[in-house]
Amino acid sequence: MSAAGLPTRHVLSYGGGVNTVALMLLLIRNQEPLDEVVFADTGVEVPETYAYMEITRDYLERYGIPFHIIRKRNGKTLYETCEARRVFPSAIWRWSTRDFKVHPILGYYRSLGTHVNQYLGIAHDEIWRMKDSPSPYVTNLYPLIDKKMTRADCVALIEAEGLPVPVKSGCFFCPFNSIGRWKWLYETHPELFQKAVVLEEQSKHFPAQRLTDQVFREKASVKLRDLASRFADGELPSSDPSLSACGGECMT
Ligand code: SF4
């Protein structure tokens with residue numbers, strides 16, 4: 001029971017990346033209370049992340065734990081929304097996180113009619129991403145931080161369980177993508193990279209704003225199309241080391 005007299009439900013907010021997969025394993029291994037796992041789907045994760053969700057679903061089934069996918073109510077993906085508004089996600093305003101992650105998840109929790117203890121997969125080396133829930137009926141829990149588990153510890157836990165290590169999750173055109181992530185996308189999913197180029201160049205804010213503004217803060221003049229040429233020439237431009245990652249809600 002919560003302080004407000006409501007029953008409490010324990011929910012893991014899943015992001016599809018290393019940290020939340022490791023947290024899922026840890027919770028199950030330690031027999032911590034876990035009523036369900038939820039994933040807020042923007043519709044624009046990379047194919048590897050969607051494939052890993054099937055592995056996750058199978059794993060959870062063994063323990064009888066439901067895996068619940070939550071989508072924005074209008075059913076549009078983040079890409080479709082950006083196309084229609086002629087914008088791309090803003091690293092400053094974070095409307096994509098708010099509209100496609102935070103609000104759908106909190107709306108779902110509200111529909112449960114319980115207090116929710118929400119497990120979040122933030123590793124100890126990302127402790128600065130911890131924050132309290134804005135909702136009075138949700139309490140955020142950070143077991144990886146409590147146990148001082150780093151990202152490397154999370155990888156080791158997944159490997160020890162005999163599961164593949166997931167690729168970094170997150171929307172394929174996330175403005176927080178590092179140069180390395182853009183290069184991986186360019187090489188592994190050129191069609192998705194091209195879709196990001198189209199989105200960037202069709203934005204009403206382009207070229208004043210670009211999807212790479214976070215990684216090239218000092219020399220803010222690199223378009224994705226230019227980045228592709230540099231990758232094609234075998235160049236790997238250095239990233240801004242102060243680049244911030246996608247926020248806690250995105251769980252990447
Ligand atoms: S992964 Fe990036 S683009 Fe997707 S919701 Fe999070 S901040 Fe927005």
# chains A, B, ... in the order shown; residues from 1 in each chain; ligands from 1
call {"tool": "residues_near_ligand", "arguments": {"ligand": "ligand 1", "cutoff": "10 Å", "atoms": "only C-alpha atoms and all ligand atoms", "output": "ChimeraX atom specification"}}
result
/A:15,40-45,78-79,88-102,169-177,245-252
call {"tool": "write_last_selection", "arguments": {"atoms": "C-alpha atoms", "output": "compact mmCIF listing (two decimals), in the first residue's frame"}}
result
# COMPACT_ATOMS: atom_id res chain seq x y z
CA GLY A 15 14.02 0.91 -23.15
CA ALA A 40 6.78 3.23 -24.77
CA ASP A 41 7.25 2.66 -28.49
CA THR A 42 7.95 5.71 -30.68
CA GLY A 43 7.68 3.46 -33.74
CA VAL A 44 11.15 4.47 -34.91
CA GLU A 45 13.56 2.26 -33.04
CA LEU A 78 7.47 9.93 -34.18
CA TYR A 79 8.65 10.06 -37.80
CA PHE A 88 12.60 17.05 -36.08
CA PRO A 89 13.02 16.22 -32.37
CA SER A 90 14.54 19.01 -30.35
CA ALA A 91 17.40 18.23 -27.99
CA ILE A 92 16.53 21.41 -26.10
CA TRP A 93 12.75 21.20 -25.78
CA ARG A 94 12.60 17.39 -25.55
CA TRP A 95 9.04 17.31 -26.87
CA SER A 96 9.63 13.83 -28.35
CA THR A 97 10.48 12.44 -24.91
CA ARG A 98 7.51 14.21 -23.37
CA ASP A 99 4.92 13.26 -26.02
CA PHE A 100 6.13 9.77 -26.93
CA LYS A 101 7.60 8.49 -23.66
CA VAL A 102 6.62 10.39 -20.50
CA SER A 169 18.29 1.68 -28.41
CA GLY A 170 16.60 4.98 -29.22
CA CYS A 171 14.95 6.61 -32.19
CA PHE A 172 17.12 6.22 -35.28
CA PHE A 173 17.14 9.99 -35.89
CA CYS A 174 17.58 11.04 -32.26
CA PRO A 175 19.26 14.45 -31.94
CA PHE A 176 21.38 12.94 -29.15
CA ASN A 177 22.95 10.42 -31.53
CA ALA A 245 22.64 11.35 -23.65
CA CYS A 246 18.97 10.83 -24.19
CA GLY A 247 17.13 11.40 -20.91
CA GLY A 248 16.08 8.87 -18.32
CA GLU A 249 12.61 8.41 -19.76
CA CYS A 250 14.01 7.22 -23.06
CA MET A 251 15.99 4.52 -21.33
CA THR A 252 18.54 4.06 -24.08
call {"tool": "residues_around", "arguments": {"residues": "Leu163 of chain A", "least_positions_apart": "5", "cutoff": "10 Å", "atoms": "only C-alpha atoms", "output": "ChimeraX atom specification"}}
result
/A:21,52,55-56,59,155,157-158
call {"tool": "select_by_dssp", "arguments": {"residues": "segment 1-249 of chain A", "states": "strand (DSSP E)", "output": "list in words"}}
result
Thr8, Arg9, His10, Val11, Leu12, Ser13, Glu36, Val37, Val38, Phe39, Ala40, Phe67, His68, Ile69, Ile70, His115, Val116, Asn117, Gln118, Tyr119, Leu120, Val138, Thr139, Asn140 and Leu141 of chain A
call {"tool": "write_last_selection", "arguments": {"atoms": "N, CA and C atoms", "output": "PDB file, in the first residue's frame"}}
result
ATOM      1  N   THR A   8       0.139  -0.986  -4.493  1.00  0.00           N
ATOM      2  CA  THR A   8       1.323  -0.602  -5.267  1.00  0.00           C
ATOM      3  C   THR A   8       1.641  -1.666  -6.310  1.00  0.00           C
ATOM      4  N   ARG A   9       1.918  -1.185  -7.528  1.00  0.00           N
ATOM      5  CA  ARG A   9       2.308  -2.074  -8.617  1.00  0.00           C
ATOM      6  C   ARG A   9       3.769  -1.788  -8.951  1.00  0.00           C
ATOM      7  N   HIS A  10       4.552  -2.840  -9.193  1.00  0.00           N
ATOM      8  CA  HIS A  10       5.964  -2.676  -9.528  1.00  0.00           C
ATOM      9  C   HIS A  10       6.141  -2.875 -11.032  1.00  0.00           C
ATOM     10  N   VAL A  11       6.629  -1.851 -11.691  1.00  0.00           N
ATOM     11  CA  VAL A  11       6.711  -1.865 -13.156  1.00  0.00           C
ATOM     12  C   VAL A  11       8.129  -1.484 -13.599  1.00  0.00           C
ATOM     13  N   LEU A  12       8.668  -2.248 -14.527  1.00  0.00           N
ATOM     14  CA  LEU A  12       9.960  -1.887 -15.124  1.00  0.00           C
ATOM     15  C   LEU A  12       9.702  -1.115 -16.408  1.00  0.00           C
ATOM     16  N   SER A  13      10.254   0.094 -16.482  1.00  0.00           N
ATOM     17  CA  SER A  13      10.162   0.874 -17.710  1.00  0.00           C
ATOM     18  C   SER A  13      11.323   0.454 -18.605  1.00  0.00           C
ATOM     19  N   GLU A  36       4.941  -6.130 -14.104  1.00  0.00           N
ATOM     20  CA  GLU A  36       4.933  -6.059 -15.568  1.00  0.00           C
ATOM     21  C   GLU A  36       6.081  -5.199 -16.054  1.00  0.00           C
ATOM     22  N   VAL A  37       6.347  -5.338 -17.353  1.00  0.00           N
ATOM     23  CA  VAL A  37       7.379  -4.545 -18.016  1.00  0.00           C
ATOM     24  C   VAL A  37       6.672  -3.728 -19.084  1.00  0.00           C
ATOM     25  N   VAL A  38       6.957  -2.430 -19.152  1.00  0.00           N
ATOM     26  CA  VAL A  38       6.300  -1.597 -20.163  1.00  0.00           C
ATOM     27  C   VAL A  38       7.346  -0.933 -21.048  1.00  0.00           C
ATOM     28  N   PHE A  39       6.966  -0.752 -22.299  1.00  0.00           N
ATOM     29  CA  PHE A  39       7.861  -0.090 -23.254  1.00  0.00           C
ATOM     30  C   PHE A  39       7.041   0.928 -24.034  1.00  0.00           C
ATOM     31  N   ALA A  40       7.448   2.193 -23.982  1.00  0.00           N
ATOM     32  CA  ALA A  40       6.784   3.232 -24.773  1.00  0.00           C
ATOM     33  C   ALA A  40       7.451   3.249 -26.142  1.00  0.00           C
ATOM     34  N   PHE A  67       4.463  -8.240 -20.800  1.00  0.00           N
ATOM     35  CA  PHE A  67       5.273  -7.210 -21.473  1.00  0.00           C
ATOM     36  C   PHE A  67       4.285  -6.340 -22.250  1.00  0.00           C
ATOM     37  N   HIS A  68       4.209  -5.094 -21.857  1.00  0.00           N
ATOM     38  CA  HIS A  68       3.151  -4.231 -22.362  1.00  0.00           C
ATOM     39  C   HIS A  68       3.759  -3.121 -23.222  1.00  0.00           C
ATOM     40  N   ILE A  69       3.316  -3.040 -24.483  1.00  0.00           N
ATOM     41  CA  ILE A  69       3.802  -1.979 -25.379  1.00  0.00           C
ATOM     42  C   ILE A  69       2.798  -0.826 -25.353  1.00  0.00           C
ATOM     43  N   ILE A  70       3.314   0.370 -25.120  1.00  0.00           N
ATOM     44  CA  ILE A  70       2.443   1.556 -25.049  1.00  0.00           C
ATOM     45  C   ILE A  70       2.775   2.459 -26.229  1.00  0.00           C
ATOM     46  N   HIS A 115      -0.691   2.966  -6.993  1.00  0.00           N
ATOM     47  CA  HIS A 115       0.596   3.648  -6.953  1.00  0.00           C
ATOM     48  C   HIS A 115       1.561   2.768  -7.755  1.00  0.00           C
ATOM     49  N   VAL A 116       2.515   3.375  -8.442  1.00  0.00           N
ATOM     50  CA  VAL A 116       3.464   2.593  -9.245  1.00  0.00           C
ATOM     51  C   VAL A 116       4.887   2.832  -8.736  1.00  0.00           C
ATOM     52  N   ASN A 117       5.550   1.742  -8.382  1.00  0.00           N
ATOM     53  CA  ASN A 117       6.987   1.806  -8.139  1.00  0.00           C
ATOM     54  C   ASN A 117       7.658   1.474  -9.466  1.00  0.00           C
ATOM     55  N   GLN A 118       8.247   2.489 -10.082  1.00  0.00           N
ATOM     56  CA  GLN A 118       8.782   2.338 -11.440  1.00  0.00           C
ATOM     57  C   GLN A 118      10.291   2.099 -11.393  1.00  0.00           C
ATOM     58  N   TYR A 119      10.719   0.930 -11.869  1.00  0.00           N
ATOM     59  CA  TYR A 119      12.154   0.649 -11.959  1.00  0.00           C
ATOM     60  C   TYR A 119      12.702   1.309 -13.221  1.00  0.00           C
ATOM     61  N   LEU A 120      13.804   2.033 -13.060  1.00  0.00           N
ATOM     62  CA  LEU A 120      14.447   2.667 -14.208  1.00  0.00           C
ATOM     63  C   LEU A 120      15.886   2.160 -14.332  1.00  0.00           C
ATOM     64  N   VAL A 138       3.716   7.954  -8.679  1.00  0.00           N
ATOM     65  CA  VAL A 138       4.821   7.143  -9.199  1.00  0.00           C
ATOM     66  C   VAL A 138       6.081   7.409  -8.377  1.00  0.00           C
ATOM     67  N   THR A 139       6.724   6.339  -7.949  1.00  0.00           N
ATOM     68  CA  THR A 139       8.015   6.461  -7.257  1.00  0.00           C
ATOM     69  C   THR A 139       9.076   5.803  -8.132  1.00  0.00           C
ATOM     70  N   ASN A 140      10.102   6.560  -8.475  1.00  0.00           N
ATOM     71  CA  ASN A 140      11.179   6.000  -9.293  1.00  0.00           C
ATOM     72  C   ASN A 140      12.167   5.220  -8.431  1.00  0.00           C
ATOM     73  N   LEU A 141      12.539   4.047  -8.902  1.00  0.00           N
ATOM     74  CA  LEU A 141      13.517   3.210  -8.206  1.00  0.00           C
ATOM     75  C   LEU A 141      14.704   2.951  -9.133  1.00  0.00           C
TER      76      LEU A 141
END
call {"tool": "atom_distance", "arguments": {"atom1": "atom CA of Ala228 of chain A", "atom2": "atom CA of Arg151 of chain A"}}
result
29.4 Å
call {"tool": "closest_residue", "arguments": {"among": "A:Tyr137, A:Ala22, A:Thr77, A:Asp125", "to": "Ala3 of chain A", "atoms": "only C-alpha atoms"}}
result
A:Tyr137
call {"tool": "select_by_dssp", "arguments": {"residues": "segment 12-252 of chain A", "states": "alpha helix (DSSP H)", "output": "ChimeraX atom specification"}}
result
/A:18-29,47-62,78-85,95-97,103-112,143-146,151-160,179-188,190-202,224-232
call {"tool": "atom_distance", "arguments": {"atom1": "atom CA of Glu48 of chain A", "atom2": "atom CA of Pro33 of chain A"}}
result
28.6 Å
call {"tool": "closest_residue", "arguments": {"among": "A:Tyr50, A:Phe231, A:Tyr63, A:Tyr142", "to": "Trp184 of chain A", "atoms": "only C-alpha atoms"}}
result
A:Phe231
call {"tool": "closest_residue", "arguments": {"among": "A:Gly180, A:Asn19, A:Val197, A:Gly113", "to": "Glu126 of chain A", "atoms": "only C-alpha atoms"}}
result
A:Asn19
call {"tool": "residues_around", "arguments": {"residues": "Leu227 of chain A", "least_positions_apart": "2", "cutoff": "10 Å", "atoms": "only C-alpha atoms", "output": "list in words"}}
result
Ile179, Trp182, Lys183, Tyr186, Val197, Thr212, Val222, Lys223, Leu224, Arg225, Ser229, Arg230, Phe231, Ala232, Asp233, Glu235, Leu236 and Pro237 of chain A
call {"tool": "atom_distance", "arguments": {"atom1": "atom CA of Ile145 of chain A", "atom2": "atom CA of Val165 of chain A"}}
result
20.0 Å
call {"tool": "closest_residue", "arguments": {"among": "A:Ser135, A:Pro47, A:Asp146, A:Gly234", "to": "Tyr109 of chain A", "atoms": "only C-alpha atoms"}}
result
A:Ser135
call {"tool": "decode", "arguments": {"residues": "segment 140-152 of chain A", "atoms": "all heavy atoms", "output": "mmCIF file, in the first residue's frame"}}
result
data_model
loop_
_atom_site.group_PDB
_atom_site.id
_atom_site.type_symbol
_atom_site.label_atom_id
_atom_site.label_comp_id
_atom_site.auth_asym_id
_atom_site.auth_seq_id
_atom_site.Cartn_x
_atom_site.Cartn_y
_atom_site.Cartn_z
ATOM 1 N N ASN A 140 10.102 6.560 -8.475
ATOM 2 C CA ASN A 140 11.179 6.000 -9.293
ATOM 3 C C ASN A 140 12.167 5.220 -8.431
ATOM 4 O O ASN A 140 12.582 5.695 -7.368
ATOM 5 C CB ASN A 140 11.933 7.113 -10.021
ATOM 6 C CG ASN A 140 11.119 7.713 -11.151
ATOM 7 O OD1 ASN A 140 10.122 7.122 -11.581
ATOM 8 N ND2 ASN A 140 11.532 8.862 -11.642
ATOM 9 N N LEU A 141 12.539 4.047 -8.902
ATOM 10 C CA LEU A 141 13.517 3.210 -8.206
ATOM 11 C C LEU A 141 14.704 2.951 -9.133
ATOM 12 O O LEU A 141 14.510 2.732 -10.341
ATOM 13 C CB LEU A 141 12.885 1.869 -7.796
ATOM 14 C CG LEU A 141 11.631 1.944 -6.915
ATOM 15 C CD1 LEU A 141 11.063 0.541 -6.688
ATOM 16 C CD2 LEU A 141 11.947 2.590 -5.570
ATOM 17 N N TYR A 142 15.909 2.938 -8.586
ATOM 18 C CA TYR A 142 17.127 2.803 -9.393
ATOM 19 C C TYR A 142 18.010 1.671 -8.841
ATOM 20 O O TYR A 142 19.076 1.928 -8.275
ATOM 21 C CB TYR A 142 17.893 4.124 -9.387
ATOM 22 C CG TYR A 142 17.148 5.260 -10.045
ATOM 23 C CD1 TYR A 142 16.352 6.128 -9.304
ATOM 24 C CD2 TYR A 142 17.238 5.459 -11.413
ATOM 25 C CE1 TYR A 142 15.655 7.166 -9.921
ATOM 26 C CE2 TYR A 142 16.545 6.488 -12.031
ATOM 27 C CZ TYR A 142 15.771 7.342 -11.276
ATOM 28 O OH TYR A 142 15.084 8.364 -11.890
ATOM 29 N N PRO A 143 17.603 0.421 -9.032
ATOM 30 C CA PRO A 143 18.365 -0.679 -8.425
ATOM 31 C C PRO A 143 19.806 -0.784 -8.939
ATOM 32 O O PRO A 143 20.692 -1.199 -8.185
ATOM 33 C CB PRO A 143 17.563 -1.928 -8.834
ATOM 34 C CG PRO A 143 16.185 -1.429 -9.118
ATOM 35 C CD PRO A 143 16.364 -0.063 -9.675
ATOM 36 N N LEU A 144 20.061 -0.422 -10.205
ATOM 37 C CA LEU A 144 21.443 -0.531 -10.718
ATOM 38 C C LEU A 144 22.358 0.442 -9.967
ATOM 39 O O LEU A 144 23.515 0.113 -9.669
ATOM 40 C CB LEU A 144 21.498 -0.236 -12.222
ATOM 41 C CG LEU A 144 20.720 -1.187 -13.136
ATOM 42 C CD1 LEU A 144 20.786 -0.704 -14.586
ATOM 43 C CD2 LEU A 144 21.253 -2.618 -13.037
ATOM 44 N N ILE A 145 21.827 1.605 -9.672
ATOM 45 C CA ILE A 145 22.620 2.591 -8.932
ATOM 46 C C ILE A 145 22.783 2.132 -7.484
ATOM 47 O O ILE A 145 23.876 2.200 -6.918
ATOM 48 C CB ILE A 145 21.969 3.983 -9.031
ATOM 49 C CG1 ILE A 145 22.112 4.488 -10.475
ATOM 50 C CG2 ILE A 145 22.605 4.961 -8.039
ATOM 51 C CD1 ILE A 145 21.440 5.796 -10.762
ATOM 52 N N ASP A 146 21.697 1.621 -6.904
ATOM 53 C CA ASP A 146 21.791 1.128 -5.516
ATOM 54 C C ASP A 146 22.889 0.073 -5.403
ATOM 55 O O ASP A 146 23.582 -0.009 -4.398
ATOM 56 C CB ASP A 146 20.455 0.501 -5.068
ATOM 57 C CG ASP A 146 19.334 1.529 -5.012
ATOM 58 O OD1 ASP A 146 19.638 2.736 -4.986
ATOM 59 O OD2 ASP A 146 18.152 1.117 -5.034
ATOM 60 N N LYS A 147 23.015 -0.758 -6.451
ATOM 61 C CA LYS A 147 24.005 -1.834 -6.405
ATOM 62 C C LYS A 147 25.327 -1.431 -7.049
ATOM 63 O O LYS A 147 26.192 -2.269 -7.288
ATOM 64 C CB LYS A 147 23.446 -3.086 -7.103
ATOM 65 C CG LYS A 147 22.253 -3.663 -6.357
ATOM 66 C CD LYS A 147 21.835 -5.010 -6.874
ATOM 67 C CE LYS A 147 20.647 -5.564 -6.089
ATOM 68 N NZ LYS A 147 20.801 -5.563 -4.634
ATOM 69 N N LYS A 148 25.448 -0.134 -7.384
ATOM 70 C CA LYS A 148 26.674 0.412 -7.984
ATOM 71 C C LYS A 148 27.079 -0.337 -9.259
ATOM 72 O O LYS A 148 28.256 -0.593 -9.505
ATOM 73 C CB LYS A 148 27.826 0.412 -6.974
ATOM 74 C CG LYS A 148 27.592 1.334 -5.783
ATOM 75 C CD LYS A 148 28.858 1.537 -5.004
ATOM 76 C CE LYS A 148 28.809 2.615 -3.962
ATOM 77 N NZ LYS A 148 27.562 2.921 -3.324
ATOM 78 N N MET A 149 26.086 -0.746 -10.035
ATOM 79 C CA MET A 149 26.380 -1.481 -11.278
ATOM 80 C C MET A 149 26.613 -0.502 -12.432
ATOM 81 O O MET A 149 25.772 0.351 -12.717
ATOM 82 C CB MET A 149 25.230 -2.429 -11.633
ATOM 83 C CG MET A 149 25.213 -3.662 -10.749
ATOM 84 S SD MET A 149 23.885 -4.794 -11.214
ATOM 85 C CE MET A 149 24.380 -5.275 -12.867
ATOM 86 N N THR A 150 27.756 -0.652 -13.083
ATOM 87 C CA THR A 150 28.088 0.182 -14.235
ATOM 88 C C THR A 150 27.538 -0.468 -15.508
ATOM 89 O O THR A 150 27.053 -1.609 -15.483
ATOM 90 C CB THR A 150 29.608 0.311 -14.383
ATOM 91 O OG1 THR A 150 30.126 -1.001 -14.642
ATOM 92 C CG2 THR A 150 30.246 0.904 -13.126
ATOM 93 N N ARG A 151 27.670 0.256 -16.616
ATOM 94 C CA ARG A 151 27.245 -0.304 -17.899
ATOM 95 C C ARG A 151 28.017 -1.596 -18.220
ATOM 96 O O ARG A 151 27.451 -2.563 -18.715
ATOM 97 C CB ARG A 151 27.463 0.733 -19.004
ATOM 98 C CG ARG A 151 26.882 0.333 -20.337
ATOM 99 C CD ARG A 151 27.004 1.458 -21.349
ATOM 100 N NE ARG A 151 26.484 1.055 -22.636
ATOM 101 C CZ ARG A 151 25.204 1.135 -22.987
ATOM 102 N NH1 ARG A 151 24.321 1.600 -22.138
ATOM 103 N NH2 ARG A 151 24.816 0.744 -24.180
ATOM 104 N N ALA A 152 29.303 -1.612 -17.888
ATOM 105 C CA ALA A 152 30.114 -2.821 -18.138
ATOM 106 C C ALA A 152 29.581 -3.991 -17.315
ATOM 107 O O ALA A 152 29.529 -5.140 -17.793
ATOM 108 C CB ALA A 152 31.579 -2.543 -17.804
#
